[in-house]
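Engineer: Got a structure here, written out as structure tokens. Questions coming.
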Amino acid sequence: HLPPLSRLPEVWSCRPTRHVDAFRAALRALQQGGDLSPRIGELLSTGLSRDPSHVDDAYYELEEEAKRGGAVPLKAANLVVLSCARIPDLDRAFATWAELPKLGLSPDIETYNALLSTCVRAREFSSARRLLNRMEAEGVGHNATTYEHRVALHMMSGEPQGAFVVYRECKDAELAPPQGMYHALINHHLRRKPRPNAAAAAELLEEMKADHTRVNMNLQRNVADAVAAVAEDREFVFGNRRGPQEGARGPASNLARA
């Protein structure tokens, strides 16, 4: 018997070997016209990623379903790719993507985002660039998550100016930048040497609030500490959560491998 979707967290906490059973339950729900909440999708991909063999078993479930003539939901295949990203395993992710036609599927923006997430986590910048070029050639548009991955790739490859260009592209597309994008950009300003760009960090924080993006309290404290440190002409220590104190320094895959 497969667990109902509402009981997946309970099943996993008691029987962590049943991640594949949970995936089967999700597959059946999708085939019956149901949907998966982002939380359930995150639980599924995180659970499967704890053991690469579970990711393989989940893919084989899709393969067997296709052989039986059953409909394979693209969202289920995307979950397998996202599980590969969480390992991270670039070869498994791109191999799953390459098998989509055999399952009667074509990739969508979520498939490409899952592949980009794999590239980010595996720090495979060249693979990410080739993937983005392919998306452009195929006319696949970007959503907010795509822009977030592009910002992360620029930051990780030491190209912060490119990251800010992508941020503006996201805003110009009338998309609300995700929390992770704002964090990456604000933290870049705060880490600038020899002094943080506190004004720019504060401006981005206000834009983040205006977009109704959830703001982490530690991020707010760090920005406030940086603004105070600049105003008081003292050193800013990034990540110090205690706040300034008197007399103390302030805180402050062929495609993949081609």
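Ordering of the structure tokens sets the chain letters (A, B, ...); residue numbers start at 1 within each chain; ligands are numbered from 1 in the order shown.
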Select from region 70-180 of chain A every residue with an atom at most 12 Å from any atom of region 23-28 of chain A, then for each give the shortest pair of atoms and their distance in Å to one decimal, using only C-alpha atoms, rows by chain and rising number, as a tab-separated table.
Structural biologist:
```
residue	atom	partner	partner_atom	distance
A:Gly70	CA	A:Arg28	CA	10.6
A:Ala71	CA	A:Leu27	CA	10.0
A:Val72	CA	A:Leu27	CA	8.1
A:Pro73	CA	A:Leu27	CA	7.4
A:Leu74	CA	A:Leu27	CA	10.0
A:Lys75	CA	A:Leu27	CA	8.8
A:Ala76	CA	A:Leu27	CA	6.1
A:Ala77	CA	A:Leu27	CA	9.4
A:Asn78	CA	A:Leu27	CA	11.5
A:Leu79	CA	A:Phe23	CA	9.0
A:Val80	CA	A:Phe23	CA	9.4
A:Ser83	CA	A:Phe23	CA	11.2
```
Engineer: If you run DSSP on the backbone, which residues of region 79-194 of chain A are helix (DSSP H, G or I), as a count of residues only?
Structural biologist: 87
Engineer: So how far away is CA of Thr118 (chain A) from CA of Leu190 (chain A), in Å?
Structural biologist: 27.0 Å
Engineer: Separation of CA of Phe125 (chain A) and CA of Leu153 (chain A), in Å?
Structural biologist: 6.7 Å
Engineer: Please determine, counting only C-alpha atoms, which residue among A:Glu65, A:Asp225, A:Glu232, A:Asp172 has the shortest atom-to-atom distance to Gln31 (chain A).
Structural biologist: A:Glu65
Engineer: Contacts of Thr145 (chain A) at 8 Å or less, counting only C-alpha atoms, minus same-chain residues fewer than 4 places along, as a VMD selection string?
Structural biologist: chain A and resid 113 149 178
Engineer: Could you dump the residues just selected with C-alpha atoms as a compact mmCIF listing (two decimals), in the first residue's frame?
Structural biologist:
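After the write, again-v1.txt holds the following:
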```
# COMPACT_ATOMS: atom_id res chain seq x y z
CA ASN A 113 15.63 24.98 -14.01
CA HIS A 149 20.23 30.42 -11.05
CA PRO A 178 13.35 35.17 -5.35
```
